[in-house]
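Asker: Have a peek at target-v3.cif (mmCIF, C-alpha atoms).
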data_input
loop_
_atom_site.label_atom_id
_atom_site.label_comp_id
_atom_site.auth_asym_id
_atom_site.auth_seq_id
_atom_site.Cartn_x
_atom_site.Cartn_y
_atom_site.Cartn_z
CA MET A 1 98.88 263.37 30.98
CA LYS A 2 99.20 266.34 28.64
CA LYS A 3 96.16 267.68 26.76
CA ALA A 4 95.56 270.73 24.60
CA LEU A 5 92.66 272.41 22.83
CA LEU A 6 93.69 274.66 19.93
CA VAL A 7 91.14 276.95 18.28
CA GLY A 8 91.86 279.14 15.26
CA ILE A 9 89.26 280.93 13.15
CA ASN A 10 89.90 282.79 9.90
CA LYS A 11 86.58 282.34 8.13
CA TYR A 12 84.35 284.79 9.95
CA GLN A 13 81.44 285.93 7.84
CA GLY A 14 81.99 289.58 6.95
CA SER A 15 85.17 289.98 9.03
CA PRO A 16 87.66 287.31 7.97
CA LEU A 17 91.13 286.98 9.47
CA ARG A 18 94.21 285.41 7.93
CA GLY A 19 96.68 284.20 10.55
CA CYS A 20 94.63 282.28 13.10
CA VAL A 21 94.87 278.83 11.55
CA ASN A 22 98.62 279.36 11.11
CA ASP A 23 98.78 280.13 14.84
CA VAL A 24 97.20 276.75 15.56
CA LEU A 25 99.71 274.98 13.33
CA VAL A 26 102.64 276.70 15.04
CA VAL A 27 101.39 275.87 18.53
CA PHE A 28 100.61 272.27 17.53
CA GLN A 29 104.17 271.87 16.25
CA ILE A 30 105.65 273.31 19.44
CA LEU A 31 103.54 271.10 21.69
CA THR A 32 104.26 267.87 19.84
CA GLU A 33 107.93 268.44 19.01
CA LYS A 34 109.16 270.36 22.06
CA PHE A 35 106.81 269.47 24.91
CA LYS A 36 106.00 265.86 23.99
CA PHE A 37 102.23 266.20 23.70
CA LYS A 38 100.73 263.21 21.89
CA HIS A 39 98.84 264.01 18.68
CA SER A 40 95.87 262.07 20.04
CA ASP A 41 95.74 264.31 23.10
CA ILE A 42 95.42 267.54 21.14
CA LYS A 43 91.99 268.59 19.93
CA VAL A 44 92.03 271.12 17.05
CA LEU A 45 89.07 273.26 15.97
CA THR A 46 89.52 275.55 12.98
CA ASP A 47 87.13 277.74 10.99
CA TYR A 48 83.69 276.14 10.58
CA GLU A 49 84.46 273.50 13.22
CA ALA A 50 84.90 276.21 15.86
CA THR A 51 81.24 276.63 16.82
CA ARG A 52 80.14 277.61 20.29
CA ALA A 53 79.01 274.05 21.01
CA ASN A 54 82.26 272.51 19.81
CA ILE A 55 84.45 274.98 21.72
CA ILE A 56 82.53 274.44 24.96
CA ASP A 57 82.61 270.66 24.47
CA GLY A 58 86.35 270.92 23.80
CA ILE A 59 86.92 272.91 26.99
CA LYS A 60 84.91 270.36 28.98
CA TRP A 61 87.06 267.58 27.49
CA LEU A 62 90.23 269.54 28.25
CA THR A 63 89.39 270.21 31.89
CA THR A 64 87.95 266.79 32.77
CA GLY A 65 89.90 263.89 34.22
CA VAL A 66 93.13 265.74 34.97
CA GLY A 67 95.05 265.84 38.22
CA ASP A 68 98.42 265.72 39.88
CA GLY A 69 101.31 266.42 37.51
CA ASP A 70 99.13 266.81 34.41
CA SER A 71 99.36 269.78 32.02
CA ILE A 72 96.60 271.30 29.91
CA LEU A 73 96.68 274.20 27.46
CA PHE A 74 93.92 276.13 25.73
CA HIS A 75 95.03 278.34 22.84
CA TYR A 76 92.54 280.58 21.04
CA SER A 77 93.32 282.72 18.00
CA GLY A 78 90.44 284.70 16.55
CA HIS A 79 88.25 287.72 17.01
CA GLY A 80 87.47 289.07 20.45
CA SER A 81 85.23 291.83 21.68
CA GLN A 82 83.43 293.26 24.68
CA ILE A 83 79.70 293.35 25.27
CA ASN A 84 77.48 294.64 28.02
CA VAL A 85 77.14 292.45 31.05
CA SER A 86 73.94 290.44 31.18
CA ASP A 87 72.94 291.71 34.64
CA TRP A 88 73.85 295.29 35.56
CA THR A 89 72.66 294.88 39.16
CA SER A 90 74.99 292.02 40.11
CA SER A 91 78.01 292.50 37.85
CA ASP A 92 81.48 293.04 39.33
CA GLU A 93 82.70 294.64 36.09
CA ALA A 94 83.72 298.26 36.70
CA ASP A 95 83.07 299.17 33.07
CA GLY A 96 79.93 297.07 32.71
CA LEU A 97 81.53 295.04 29.92
CA ASP A 98 82.35 291.35 29.61
CA GLU A 99 85.24 290.22 27.41
CA ILE A 100 84.24 287.55 24.90
CA ILE A 101 85.78 285.29 22.31
CA ILE A 102 83.97 285.08 18.99
CA GLN A 103 82.99 281.61 17.80
CA VAL A 104 82.42 281.11 14.07
CA ASP A 105 78.65 280.83 14.57
CA MET A 106 78.56 283.95 16.71
CA ASP A 107 75.27 284.74 18.42
CA TRP A 108 75.58 288.10 20.17
CA ASN A 109 72.85 287.03 22.56
CA LYS A 110 74.86 283.98 23.64
CA PRO A 111 78.60 284.64 23.31
CA ILE A 112 81.39 282.84 25.14
CA ARG A 113 82.03 285.26 28.01
CA ASP A 114 85.19 285.53 30.09
CA ASN A 115 83.48 284.38 33.28
CA GLU A 116 82.12 281.31 31.47
CA LEU A 117 85.64 280.35 30.43
CA GLY A 118 86.84 280.98 33.95
CA MET A 119 84.14 278.74 35.39
CA TYR A 120 85.54 275.70 33.60
CA PHE A 121 89.20 276.37 34.35
CA LYS A 122 88.58 277.11 38.04
CA ARG A 123 87.33 273.52 38.37
CA VAL A 124 90.72 272.10 37.39
CA PRO A 125 92.66 270.75 40.40
CA LYS A 126 95.50 272.94 41.63
CA SER A 127 97.92 270.07 41.05
CA CYS A 128 97.35 270.33 37.27
CA ASN A 129 99.36 272.92 35.32
CA THR A 130 96.70 274.96 33.47
CA THR A 131 97.71 277.42 30.75
CA VAL A 132 95.34 279.60 28.71
CA VAL A 133 96.61 281.64 25.74
CA LEU A 134 94.20 284.10 24.11
CA ASP A 135 95.45 285.83 20.96
CA SER A 136 92.46 288.08 20.41
CA CYS A 137 91.18 291.56 21.17
CA HIS A 138 89.66 292.58 24.48
CA SER A 139 89.22 296.16 23.44
CA GLY A 140 88.00 298.66 26.01
CA THR A 141 86.91 301.02 23.25
CA CYS A 142 84.23 298.56 22.08
CA LEU A 143 83.62 300.49 18.87
CA ARG A 144 87.01 300.49 17.20
CA ASN A 145 86.97 299.16 13.66
CA GLY A 146 89.72 296.91 12.33
CA PHE A 147 92.24 298.17 9.80
CA GLY A 148 91.75 296.88 6.29
CA PRO A 149 94.51 294.85 4.61
CA LEU A 150 96.96 296.65 2.40
CA GLU A 151 97.25 295.78 -1.27
CA ASN A 152 100.74 294.35 -0.89
CA ASN A 153 101.98 291.97 1.76
CA THR A 154 104.26 294.06 3.95
CA GLU A 155 105.31 294.15 7.57
CA ASN A 156 102.71 296.89 8.04
CA ASP A 157 99.87 294.73 6.73
CA TYR A 158 97.65 293.78 9.65
CA VAL A 159 94.07 293.74 10.81
CA ASN A 160 92.78 293.97 14.37
CA ARG A 161 91.27 290.83 15.83
CA PHE A 162 88.28 292.79 17.04
CA ILE A 163 84.60 292.82 16.10
CA SER A 164 82.32 295.58 17.32
CA PRO A 165 79.17 294.37 19.08
CA PRO A 166 75.82 295.19 17.50
CA VAL A 167 74.29 298.58 18.26
CA SER A 168 71.40 296.85 20.03
CA ASN A 169 73.83 295.59 22.66
CA ILE A 170 75.66 298.90 23.00
CA LEU A 171 72.43 300.83 23.56
CA THR A 172 71.64 298.85 26.71
CA ASN A 173 74.59 300.48 28.51
CA PRO A 174 73.01 302.91 31.01
CA SER A 175 76.05 305.24 30.84
CA LEU A 176 75.85 305.62 27.08
CA ILE A 177 75.60 309.08 25.50
CA ILE A 178 74.88 309.48 21.79
CA LYS A 179 76.81 312.53 20.63
CA ASP A 180 75.76 315.03 17.96
CA ASP A 181 77.79 313.21 15.31
CA LEU A 182 75.96 309.98 16.30
CA SER A 183 79.09 308.45 17.80
CA PHE A 184 79.00 306.87 21.26
CA ASP A 185 80.57 308.04 24.48
CA PHE A 186 80.85 306.56 27.98
CA PRO A 187 81.79 309.57 30.13
CA ASP A 188 81.26 307.98 33.52
CA PRO A 189 84.75 307.69 35.12
CA ALA A 190 83.84 304.31 36.53
CA VAL A 191 83.05 303.12 33.02
CA ASP A 192 86.25 304.51 31.55
CA SER A 193 88.40 303.01 34.29
CA ARG A 194 90.39 299.93 33.34
CA ALA A 195 91.83 299.45 36.82
CA ILE A 196 89.47 296.56 37.48
CA ARG A 197 89.49 293.96 34.74
CA SER A 198 87.31 290.96 34.22
CA LYS A 199 86.80 288.09 36.64
CA PHE A 200 88.73 285.56 34.56
CA LEU A 201 91.29 287.83 32.96
CA VAL A 202 92.45 289.69 36.02
CA ASP A 203 91.02 288.85 39.40
CA THR A 204 93.52 286.11 40.11
CA VAL A 205 91.78 285.20 43.35
CA ASP A 206 88.69 284.16 41.43
CA GLN A 207 90.75 282.89 38.51
CA GLY A 208 91.95 279.91 40.51
CA ASP A 209 95.26 278.39 39.47
CA ALA A 210 94.99 278.93 35.73
CA ILE A 211 97.81 280.89 34.11
CA LEU A 212 96.62 283.29 31.43
CA ILE A 213 98.74 284.78 28.67
CA ALA A 214 96.54 287.40 27.01
CA GLY A 215 97.39 288.94 23.65
CA CYS A 216 96.87 292.48 24.86
CA MET A 217 95.56 294.66 27.65
CA GLU A 218 91.81 294.82 28.12
CA ASN A 219 91.59 298.18 26.35
CA GLN A 220 93.73 297.15 23.37
CA THR A 221 93.41 295.21 20.15
CA SER A 222 95.58 292.33 18.91
CA ALA A 223 97.15 292.28 15.46
CA ASP A 224 96.65 289.70 12.74
CA ALA A 225 99.86 290.48 10.85
CA TRP A 226 102.15 289.60 7.92
CA ILE A 227 105.35 288.43 9.63
CA ASN A 228 108.20 286.44 8.08
CA LYS A 229 106.32 285.91 4.81
CA ARG A 230 103.09 284.58 6.30
CA TYR A 231 100.06 285.78 8.22
CA GLN A 232 100.02 285.05 11.94
CA GLY A 233 99.01 286.56 15.23
CA ALA A 234 101.62 289.02 16.47
CA MET A 235 101.36 287.67 20.00
CA THR A 236 101.54 284.01 18.96
CA TYR A 237 104.58 284.84 16.85
CA ALA A 238 106.24 286.53 19.83
CA LEU A 239 105.35 283.56 22.03
CA ALA A 240 106.83 281.02 19.61
CA LYS A 241 109.97 283.04 18.90
CA THR A 242 110.66 283.74 22.56
CA LEU A 243 110.25 280.07 23.44
CA ASN A 244 112.58 279.10 20.61
CA ASP A 245 115.17 281.72 21.59
CA HIS A 246 115.28 280.24 25.10
CA ASN A 247 115.31 276.57 24.08
CA PHE A 248 111.73 276.16 25.30
CA ASN A 249 112.92 276.42 28.90
CA ILE A 250 111.68 279.67 30.43
CA THR A 251 109.40 280.81 33.23
CA TYR A 252 106.02 282.36 32.52
CA LYS A 253 107.17 285.69 33.92
CA ASP A 254 110.32 285.83 31.79
CA LEU A 255 108.43 284.57 28.75
CA VAL A 256 105.85 287.37 28.77
CA THR A 257 108.45 289.98 29.72
CA LYS A 258 110.61 289.06 26.75
CA MET A 259 107.55 288.76 24.48
CA ASN A 260 106.80 292.40 25.24
CA VAL A 261 110.36 293.41 24.39
CA LEU A 262 109.95 291.68 21.05
CA MET A 263 106.55 293.26 20.40
CA LYS A 264 107.99 296.70 21.07
CA LYS A 265 110.91 295.98 18.75
CA PHE A 266 108.49 295.19 15.93
CA LYS A 267 106.47 298.31 16.82
CA PHE A 268 103.26 296.55 17.80
CA THR A 269 101.38 298.64 20.35
CA GLN A 270 99.58 295.78 22.07
CA VAL A 271 100.99 294.65 25.41
CA PRO A 272 100.68 290.91 26.18
CA GLN A 273 99.64 290.22 29.76
CA LEU A 274 100.54 287.52 32.25
CA GLU A 275 97.72 287.02 34.72
CA CYS A 276 98.06 284.47 37.50
CA LYS A 277 98.80 284.14 41.17
CA ASP A 278 102.18 285.51 42.18
CA GLU A 279 103.50 282.10 43.17
CA LEU A 280 102.86 280.75 39.67
CA MET A 281 104.79 283.41 37.76
CA ASN A 282 108.16 281.71 38.19
CA LYS A 283 106.97 278.29 37.08
CA LEU A 284 108.47 276.96 33.86
CA PHE A 285 106.20 277.24 30.80
CA LEU A 286 104.36 273.91 30.54
#
Would you encode the structure as structure tokens?
Answerer:
Amino acid sequence: MKKALLVGINKYQGSPLRGCVNDVLVVFQILTEKFKFKHSDIKVLTDYEATRANIIDGIKWLTTGVGDGDSILFHYSGHGSQINVSDWTSSDEADGLDEIIIQVDMDWNKPIRDNELGMYFKRVPKSCNTTVVLDSCHSGTCLRNGFGPLENNTENDYVNRFISPPVSNILTNPSLIIKDDLSFDFPDPAVDSRAIRSKFLVDTVDQGDAILIAGCMENQTSADAWINKRYQGAMTYALAKTLNDHNFNITYKDLVTKMNVLMKKFKFTQVPQLECKDELMNKLFL
């Protein structure tokens, strides 16, 4: 059995994107034409369909009833952010921040956190090939604003897939200092450290046997860019092109390595990450 859940959101209220639905179309085409996924076994959620409830229901569908020799893939293209952990006393986050993906009906009091995603994928049997692709921001700066689109469509036209959390959430951080210019600072070295990343995105012991391809490092933003005469996620473009260049037969380790070479060539500063157990890095993609 092969199943996939593809989520792409452009129509965010106040902070729209432009390439996320195209990302879904590209990945859908690759899965059906190159990896023999059946159309009926791919669930697609775009724009107003991509509510919290629908995404969680989709993930439950994706991770249920799979076993030996099966393959599942979750691909998300949209805004990402970081917010304060819900419990400062028990959190294992060094910076006190959870990475989140932003559903179209975003409620900052009930986002989809990284450890919630991880909870579902850790339940999948080891014998099932589990791949998660997140083309979104997991910015360690928390307060960086996205670049506005240029007037003309050019290779330099892009917007960050990042939304800043509300001030009410930021102010709950006990290490916060409000500076004279009313900007925010987190001077505590433990807060600024990015050596320890989130439970799902980095701690591969807790992550289980899921293989994560993240669009960027935890302290970076991902680009929604004009590439080859259309808007698309820079990371999803690099993923698709690298797969195509290697006849869709490449290991996860080589895939992400060559994706980074391509990203650097096109002068994108984000660094896609491969996060999984060492023994899974040399598995073939899907």
Asker: Report the distance between atom CA of A:Met1 and atom CA of A:Val66 in Å, rounded to one decimal place.
Answerer: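 For atom CA of A:Met1 relative to atom CA of A:Val66, the distance reads 7.4 Å.
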Asker: Need the shell around stretch 10-16 of chain A: protein/DNA/RNA residues with any atom at most 8 Å away, counting all atoms listed in the file. Skip same-chain ones fewer than 2 positions apart. Format as a VMD selection string?
Answerer: chain A and resid 8 18 to 21 46 to 48 78 104 163
Asker: What does the PyMOL selection byres ((chain A and resi 6) around 8) select in this file, as a compact mmCIF listing (two decimals) with C-alpha atoms, in the frame of the given file?
Answerer:
# COMPACT_ATOMS: atom_id res chain seq x y z
CA ALA A 4 95.56 270.73 24.60
CA LEU A 5 92.66 272.41 22.83
CA VAL A 7 91.14 276.95 18.28
CA GLY A 8 91.86 279.14 15.26
CA VAL A 24 97.20 276.75 15.56
CA VAL A 27 101.39 275.87 18.53
CA PHE A 28 100.61 272.27 17.53
CA ILE A 42 95.42 267.54 21.14
CA LYS A 43 91.99 268.59 19.93
CA VAL A 44 92.03 271.12 17.05
CA LEU A 45 89.07 273.26 15.97
CA PHE A 74 93.92 276.13 25.73
CA HIS A 75 95.03 278.34 22.84
CA TYR A 76 92.54 280.58 21.04
Asker: Give me, please, the distance in Å between atom CA of A:Asp70 and atom CA of A:Thr130, quoted to one decimal.
Answerer: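 Interatomic distance here is 8.6 Å.
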Asker: Restricting the calculation to only C-alpha atoms: of A:Ile100, A:Ile250, A:Ile83, A:Val26, which residue gets closest to A:Arg52?
Answerer: A:Ile100
Asker: List the residues selected by the PyMOL selection byres ((chain A and resi 119-123) around 8) in the file shown, writing them as a list in words.
Answerer: Ile59, Lys60, Thr63, Asn115, Glu116, Leu117, Gly118, Val124, Pro125, Thr130, Asp206, Gln207, Gly208, Asp209 and Ala210 of chain A
Asker: Pick out the closest residue to A:Asn260 from this set: A:Thr51, A:Asn247, A:Asn84, A:Thr242. Count all atoms listed in the file.
Answerer: A:Thr242
Asker: Near A:Leu239, within 9 Å and counting all atoms listed in the file, which residues show up once chain neighbours fewer than 5 positions away are dropped, as a PDB file with C-alpha atoms, in the coordinates of the input?
Answerer:
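Generated file (result-v9.pdb):
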ATOM      1  CA  ALA A 234     101.620 289.020  16.470  1.00  0.00           C
ATOM      2  CA  ASN A 244     112.580 279.100  20.610  1.00  0.00           C
ATOM      3  CA  LEU A 255     108.430 284.570  28.750  1.00  0.00           C
ATOM      4  CA  VAL A 256     105.850 287.370  28.770  1.00  0.00           C
ATOM      5  CA  LYS A 258     110.610 289.060  26.750  1.00  0.00           C
ATOM      6  CA  MET A 259     107.550 288.760  24.480  1.00  0.00           C
TER       7      MET A 259
END
Asker: Return the single residue from A:Val261, A:Ala240, A:Leu17, A:Leu134 that is closest to A:Met217, with distances computed using only C-alpha atoms.
Answerer: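 The answer is A:Leu134, which sits nearest to A:Met217.
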Asker: Atom CA of A:Ser81 and atom CA of A:Cys137, how far apart in Å?
Answerer: 6.0 Å
Asker: Skipping near chain neighbours, those fewer than 4 positions away, what residues fall within 10 Å of A:Leu280 using all atoms listed in the file, listed as a list in words?
Answerer: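 Everything that qualifies: Asn129, Asp209, Ala210, Ile211, Thr251, Tyr252, Lys253, Glu275, Cys276 and Leu284 of chain A.
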Asker: Mind checking which residues fall within 7 Å of A:Gly215, counting all atoms listed in the file, ignoring those fewer than 5 positions away in the same chain, and posting them as a PyMOL selection string?
Answerer: chain A and resi 134-136+222+235+271-273
Asker: Counting only C-alpha atoms, which residue out of A:Lys265, A:Ala53, A:Asn22, A:Lys283 sits closest to A:Asp107?
Answerer: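 Residue with the minimum atom-to-atom distance to A:Asp107: A:Ala53.
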